[in-house]
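Shown next, in structure tokens, is the structure this report addresses.
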Amino acid sequence: MIKTTCTRLCLLAACLGGGPNAIAQERPVAFTNAELLPISGPPIAPGTVIVAGGTIAAIGPTATTPIPPNAETIDCTGRVIMPGLVDTHSHVGGGWGGDASGPIQPDVRILDSINVRDSGFRKARAGGLTTLNIMPGSGHLLSGQTIYAKLRKASTIDDVSIRDAAGKPLGGMKMANGTNSQKDAPFPGTRSKSAALVRQKFLKAHDYRRKVAEAKGDAAKLPDRDLEMEGLLDVLDGRVVVHHHCHRADDIMTVLRLRDEFGFKVVLHHVSEAWKVADQLAKAQAPCSVIVVDSPGGKIEAMDLSLATGAMLEKAGAPVAIHTDDPVTDSRLFLRTAGLAVRAGMSREKALEALTLAGAKMLELDARIGSLAVGKDADLVVLSGDPLSVRTKVLETWVEGEKVFDRDDPEDRLFAVGGYGAGRDQKAHACCTDERLSETK
Amino acid sequence: MRPYRPILWFALIAIAVTADVRVPAAEAPPLVAVYGDVVHTMAGPPIEKGVVVIDGGKITLVGSALDIPVPPAARVVRGKVVTPGLIDAHTAVGLTGYLNQDQDQDQLDKGEPIQPELRAIDSYNPRERLIEWVRGFGITTIHTGHAPGALVSGQTMVVKTVGETVDDAVIVPAAMVAVTLGDDARPGDEKKSPGTRSKAVAMLRGEFVKTQDYLRKLDLGDPEKRPDRDLRREIFADVLRGKLPLLVTVNRATDIDAALRIAKEFGIKIVLDSAAEAYLAADSIKAAGVPVIIHPSMRRGGTGETENISFETPATLHAKGISVAMQSGFEGYVPKTRVALFEAAIAAANGLTTEQALATITSDAAAILGVADRVGSLRPGLDGDVAVFDGDPFEYTSHCTAVVIDGRIVSEEPR
């Protein structure tokens with residue numbers, strides 16, 4: 001029995017690391033009689049969602065949605081099911097990007113430093129999160145490449161990475177302005193210097209691109225490969241989205257100015273003072289990923305931070321997502337941040353969208369995640385009730401048709417509520433380890 | 001029940017309709033009647049359709065709105081849920097400010113490891129914006145002062161979240177002496193003590209032994225042999241005399257045990273603070289009769305010594321019969337403060353009933369801070385401090401719709 005399970009798990013693990021459309025799920029699962037919050041459409045209650053092959057096969061009213069004969073049925077009476085939460089800004093996994101050598105380091109990838117056994121991953125699953133944009137910090141103008149991760153059970157970073165059709169791990173580019181990235185030279189000392197350094201670097205990337213184009217594939221004429229330039233060209237050519245830390249209204253406008261000059265795609269993160277320029281952000285249709293914290297202050301740039309930022313951006317018509325910035329807010333309480341946004345005037349619908357589909361769009365992953373829709377990845381959260389109630393519990397989290405968190409499992413529960421050992425890295429998976437041990441005997 | 005005083009009420013109309021936060025303290029507070037669909041008095045079961053009448057800044061009547069007629073001329077406040085003004089059982093707000101710059105950070109001096117003589121009243125800024133911030137969520141009383149981060153960082157105090165000066169705000173000018181055990185007691189310089197847990201305890205015991213000698217000399221009665229006045233000794237003497245408790249910030253169970261050991265050795269009162277691993281030491285804490293002001297469960301990271309915090313600690317300790325309160329704690333970055341209401345909400349969602357969780361930021365908090373005769377419940381004779389909500393106070397989407405302190409309506413902006 002153990003042997004069989006192990007073999008099966010090993011196969012699953014092999015699949016997980018195998019490619020862009022990792023399929024782990026063997027048997028369809030039907031969640032029936034739930035209140036479904038598809039996000040991309042009105043609630044369905046009682047509703048059924050059927051997942052097969054790691055994706056959503058069907059969704060509709062329970063009365064009219066047939067269940068495949070071989071499916072495992074889970075009665076979700078009294079429960080609420082919504083898409084897995086998408087966190088556009090997380091720091092779980094203890095990864096670091098650029099070092100102190102310079103302010104702009106587009107060659108550095110955070111995927112090279114993440115510990116996938118970090119307890120933060122388990123806590124994130126306990127919070128209902130299924131997709132993260134894991135970023136390096138904001139202490140640089142450009143601190144490196146981010147990674148888009150699925151919270152699959154994992155042994156290596158490859159197990160969690162989200163890949164494109166060619167198998168390349170997807171991610172964005174982290175940038176920052178304002179005070180966090182200002183320090184002694186070679187870092188900038190002022191805001192104007194910050195912008196100038198970034199502009200100069202992008203101009204250099206323009207030159208590099210021109211040289212590559214002029215070489216027309218002639219190996220003798222091609223410039224030497226340059227990882228920094230290649231990173232910046234991914235940005236300039238629109239293959240990679242910039243995720244830009246900014247707080248003050250003028251810093252926000254500076255990002256838009258640079259975006260317009262160089263034509264890169266950008267998501268504005270934190271945006272403490274976005275409410276001061278909400279109309280401009282709406283006009284620019286600039287995606288804003290908002291942080292919701294318990295009080296203003298903590299640094300001068302956050303002195304005018306408001307719980308109503310999401311509400312004011314929504315009213316102005318700008319795209320809004322919410323993020324954790326874990327550890328600034330705890331991934332296990334991600335739903336809470338939407339609750340506080342609603343407290344300050346955001347609509348329920350937009351607040352729930354801000355945790356899911358809006359974030360998926362900002363990561364350009366909305367074709368795969370962010371809503372309960374046929375064909376999308378089977379990433380979902382089973383809740384004990386209203387997602388915006390403090391008393392609601394995340395009961396289960398599913399990624400691509402596999403249950404990755406179960407509140408009834410004592411070990412999972414430890415990470416959900418805390419307690420002795422909850423700060424430690426997760427244990428090694430039983431998968432393969434047992435077999436390897438038995439082979440060595 | 002007090003008799004009506006219609007003449008006085010009539011005279012108060014003018015004041016009532018123009019009541020303002022900035023009314024000088026000398027002016028008499030208006031007559032206020034606060035109605036709630038539910039009134040949690042914390043002095044008995046909740047009252048359906050209840051009313052709290054406040055006159056001259058003090059609560060005069062609490063009961064069913066059916067039994068108590070609307071007092072003529074009263075300023076009326078209505079809401080779904082009425083609670084006592086909330087108490088944040090431990091914060092550093094007012095000594096720490098929201099800018100987080102040198103000029104507004106007075107919660108910790110690391111020049112020396114032991115400085116019980118540092119008074120909170122000498123650093124408190126009653127106009128600090130964070131005070132207004134937490135007040136908007138119904139917090140009317142805070143236990144604030146010197147922060148964790150030195151073996152003995154200074155004194156704490158209890159204040160109301162109003163006032164133009166510390167004297168306006170203060171209830172208890174010297175409430176406790178802040179002690180930290182564990183990693184945070186280290187000064188961060190390897191050459192300075194305490195560098196280890198054992199050294200920290202030895203230093204603290206040394207102070208009390210020295211203070212015992214100081215007291216012995218004081219008692220000799222011979223003016224010639226009386227020791228010189230010494231601010232440090234005087235404060236520690238008050239600790240030994242049982243007048244001032246130690247507020248001991250600890251997280252590891254090892255440090256909780258050490259705190260209990262010191263309390264027993266010198267027969268002093270202590271309150272455990274933060275206490276991330278208190279669930280491991282619950283039996284000893286219960287046996288020692290020591291209350292716990294539990295860490296903010298949402299505190300950043302939960303790393304290092306707080307890696308084992310649990311959302312369920314309030315429920316676990318309460319079930320053991322340990323007196324518990326919740327706190328906003330100290331934050332060194334964004335957000336610059338947490339909100340005790342939100343922390344109690346996490347407790348309410350993780351094992352405590354609504355009443356029990358409310359007690360952690362009202363009646364039980366008041367008892368632990370020694371101010372239950374002033375605040376923390378709705379009873380005649382207590383301060384007229386009330387918080388009003390448009391729904392379950394613990395729900396994220398509810399709002400605090402009115403705050404009354406000493407009979408003055410200080411906020412009606414929903415938050």
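Letters A, B, ... mark the chains of the structure tokens in the order given; residue numbers begin at 1 per chain; ligand numbers begin at 1, in order shown.
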I'd like the neighbourhood of segment 312-321 of chain B as an MDAnalysis selection string, where a residue qualifies if any of its atoms comes within 7 Å (using only C-alpha atoms), though same-chain residues fewer than 4 positions away should be ignored.
(chainID A and resid 417) or (chainID B and resid 279 282 286 347 350:352)
When you get a sec, could you note down which chain A residues fall within 9 Å of chain B, using only C-alpha atoms, as a ChimeraX atom specification?
/A:293-303,326-330,333,336-344,388-393,414,416-424
Hey, which bits of segment 323-388 of chain A sit within 6 Å of segment 36-55 of chain A, and for each residue what's the closest pair of atoms and how far apart in Å (one decimal), counting only C-alpha atoms, rows by chain and increasing number, as CSV?
```
residue,atom,partner,partner_atom,distance
A:Ser371,CA,A:Pro38,CA,5.4
A:Leu372,CA,A:Pro38,CA,4.5
A:Gly375,CA,A:Thr55,CA,5.7
A:Lys376,CA,A:Thr55,CA,5.5
A:Asp377,CA,A:Thr55,CA,4.2
A:Ala378,CA,A:Thr55,CA,4.3
```
Which residues are near Asp255 of chain B? Cut-off 9 Å, only C-alpha atoms, ignore same chain within fewer than 4 positions. Put them as a PyMOL selection string.
chain B and resi 181-182+197+249-251+259-260+275
Where in segment 210-307 of chain B does DSSP assign strand (DSSP E or B), given as an NGL selection string?
:B and (246-250 or 270-274 or 292-294)
Taking the DSSP secondary structure from the backbone, can you list the residues of segment 314-390 of chain A that are alpha helix (DSSP H), as a VMD selection string?
chain A and resid 314 to 316 334 to 343 348 to 354 357 to 362
Residue subset to file, keeping C-alpha atoms, as a short mmCIF file (atom, residue, chain, number, x, y, z; two decimals), in the first residue's frame:
```
data_model
loop_
_atom_site.label_atom_id
_atom_site.label_comp_id
_atom_site.auth_asym_id
_atom_site.auth_seq_id
_atom_site.Cartn_x
_atom_site.Cartn_y
_atom_site.Cartn_z
CA GLU A 314 -12.77 51.69 -8.06
CA LYS A 315 -14.99 54.77 -8.22
CA ALA A 316 -12.55 56.50 -10.56
CA PHE A 334 -5.49 37.83 2.75
CA LEU A 335 -9.28 37.68 2.67
CA ARG A 336 -9.30 40.12 5.58
CA THR A 337 -7.62 42.81 3.50
CA ALA A 338 -10.56 42.71 1.09
CA GLY A 339 -12.90 42.95 4.06
CA LEU A 340 -11.18 46.10 5.26
CA ALA A 341 -11.31 47.55 1.73
CA VAL A 342 -15.07 46.98 1.75
CA ARG A 343 -15.26 48.57 5.20
CA ARG A 348 -17.95 43.53 -2.41
CA GLU A 349 -17.72 42.40 -6.01
CA LYS A 350 -14.66 44.47 -6.85
CA ALA A 351 -12.97 43.55 -3.58
CA LEU A 352 -13.32 39.83 -4.29
CA GLU A 353 -12.20 40.42 -7.85
CA ALA A 354 -9.20 42.31 -6.45
CA LEU A 357 -9.22 37.94 -11.41
CA ALA A 358 -7.85 41.49 -11.22
CA GLY A 359 -4.54 40.13 -9.95
CA ALA A 360 -4.53 37.39 -12.57
CA LYS A 361 -4.88 40.06 -15.26
CA MET A 362 -2.00 42.04 -13.81
#
```
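Going from atom CA of Arg332 of chain A to atom CA of Leu129 of chain A covers 8.3 Å.
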Would you list the contacts of Ala372 of chain B as number ranges by chain, taking every protein, DNA or RNA residue within 12 Å and counting only C-alpha atoms, but skipping same-chain residues closer than 2 positions in sequence?
B: 42-43, 84, 87, 141, 158, 171-172, 359, 361-370, 374-379, 381-383
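Residue neighbourhood of Arg135 of chain B, excluding near-sequence residues (fewer than 6 positions): Leu86, Thr141, Thr161, Val162, Val403, Val410 and Ser411 of chain B, at 9 Å, using only C-alpha atoms.
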Who sits within 7 Å of Lys217 of chain B, only C-alpha atoms, same chain under 3 positions skipped, as a PyMOL selection string
chain B and resi 213-214+220+225-227
Let's have the selection written as a PDB file, in the first residue's frame, with C-alpha atoms.
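Output contents, as saved in selection-v6.pdb:
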```pdb
ATOM      1  CA  ASP B 213      19.501  46.516  50.652  1.00  0.00           C
ATOM      2  CA  TYR B 214      18.373  50.049  49.810  1.00  0.00           C
ATOM      3  CA  LEU B 220      17.167  51.857  59.757  1.00  0.00           C
ATOM      4  CA  LYS B 225      22.584  56.383  57.449  1.00  0.00           C
ATOM      5  CA  ARG B 226      19.746  56.978  54.992  1.00  0.00           C
ATOM      6  CA  PRO B 227      20.903  56.358  51.439  1.00  0.00           C
TER       7      PRO B 227
END
```
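Between atom CA of Gln25 of chain A and atom CA of Lys168 of chain A the interatomic distance comes to 22.4 Å.
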Between atom CA of Thr140 of chain B and atom CA of Val386 of chain B, what is the distance in Å, rounded to a tenth?
7.9 Å
Of the candidates B:Ala258, B:Ile285, B:Ala278, B:Met176, which one gets nearest to Lys243 of chain B if we count only C-alpha atoms?
B:Met176
Which neighbours of Gln105 of chain A fall inside 9 Å, counting only C-alpha atoms, when residues of the same chain fewer than 2 positions from it are skipped, and could you give them as a list in words?
Gly97, Gly98, Asp99, Ser101, Gly102, Pro103, Asp107, Val108, His140, Leu141, Leu142, Ser143, Gly144, Gln145, Glu228 and Gly231 of chain A
For the selection you just gave me, I'd like the residues written to a file as a CSV table (one decimal), in the first residue's frame, keeping C-alpha atoms.
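Contents of again_21.csv, freshly written:
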```
chain,number,residue,atom,x,y,z
A,97,GLY,CA,17.2,39.6,-5.5
A,98,GLY,CA,19.9,42.2,-6.1
A,99,ASP,CA,22.7,42.8,-3.7
A,101,SER,CA,26.6,46.3,-5.6
A,102,GLY,CA,24.3,48.6,-7.6
A,103,PRO,CA,20.8,50.0,-7.9
A,107,ASP,CA,20.1,39.9,-14.5
A,108,VAL,CA,19.2,38.7,-11.0
A,140,HIS,CA,16.8,48.9,-5.5
A,141,LEU,CA,15.6,50.9,-8.5
A,142,LEU,CA,15.4,47.4,-10.1
A,143,SER,CA,16.0,44.5,-7.8
A,144,GLY,CA,15.6,41.6,-10.2
A,145,GLN,CA,13.3,39.2,-11.9
A,228,GLU,CA,21.4,42.7,-17.8
A,231,GLY,CA,16.5,41.3,-18.8
```
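You can rank B:Thr165, B:Pro148, B:Glu207, B:Thr196 by their closest distance to Asp184 of chain B using only C-alpha atoms, and at the top of that list sits B:Pro148.
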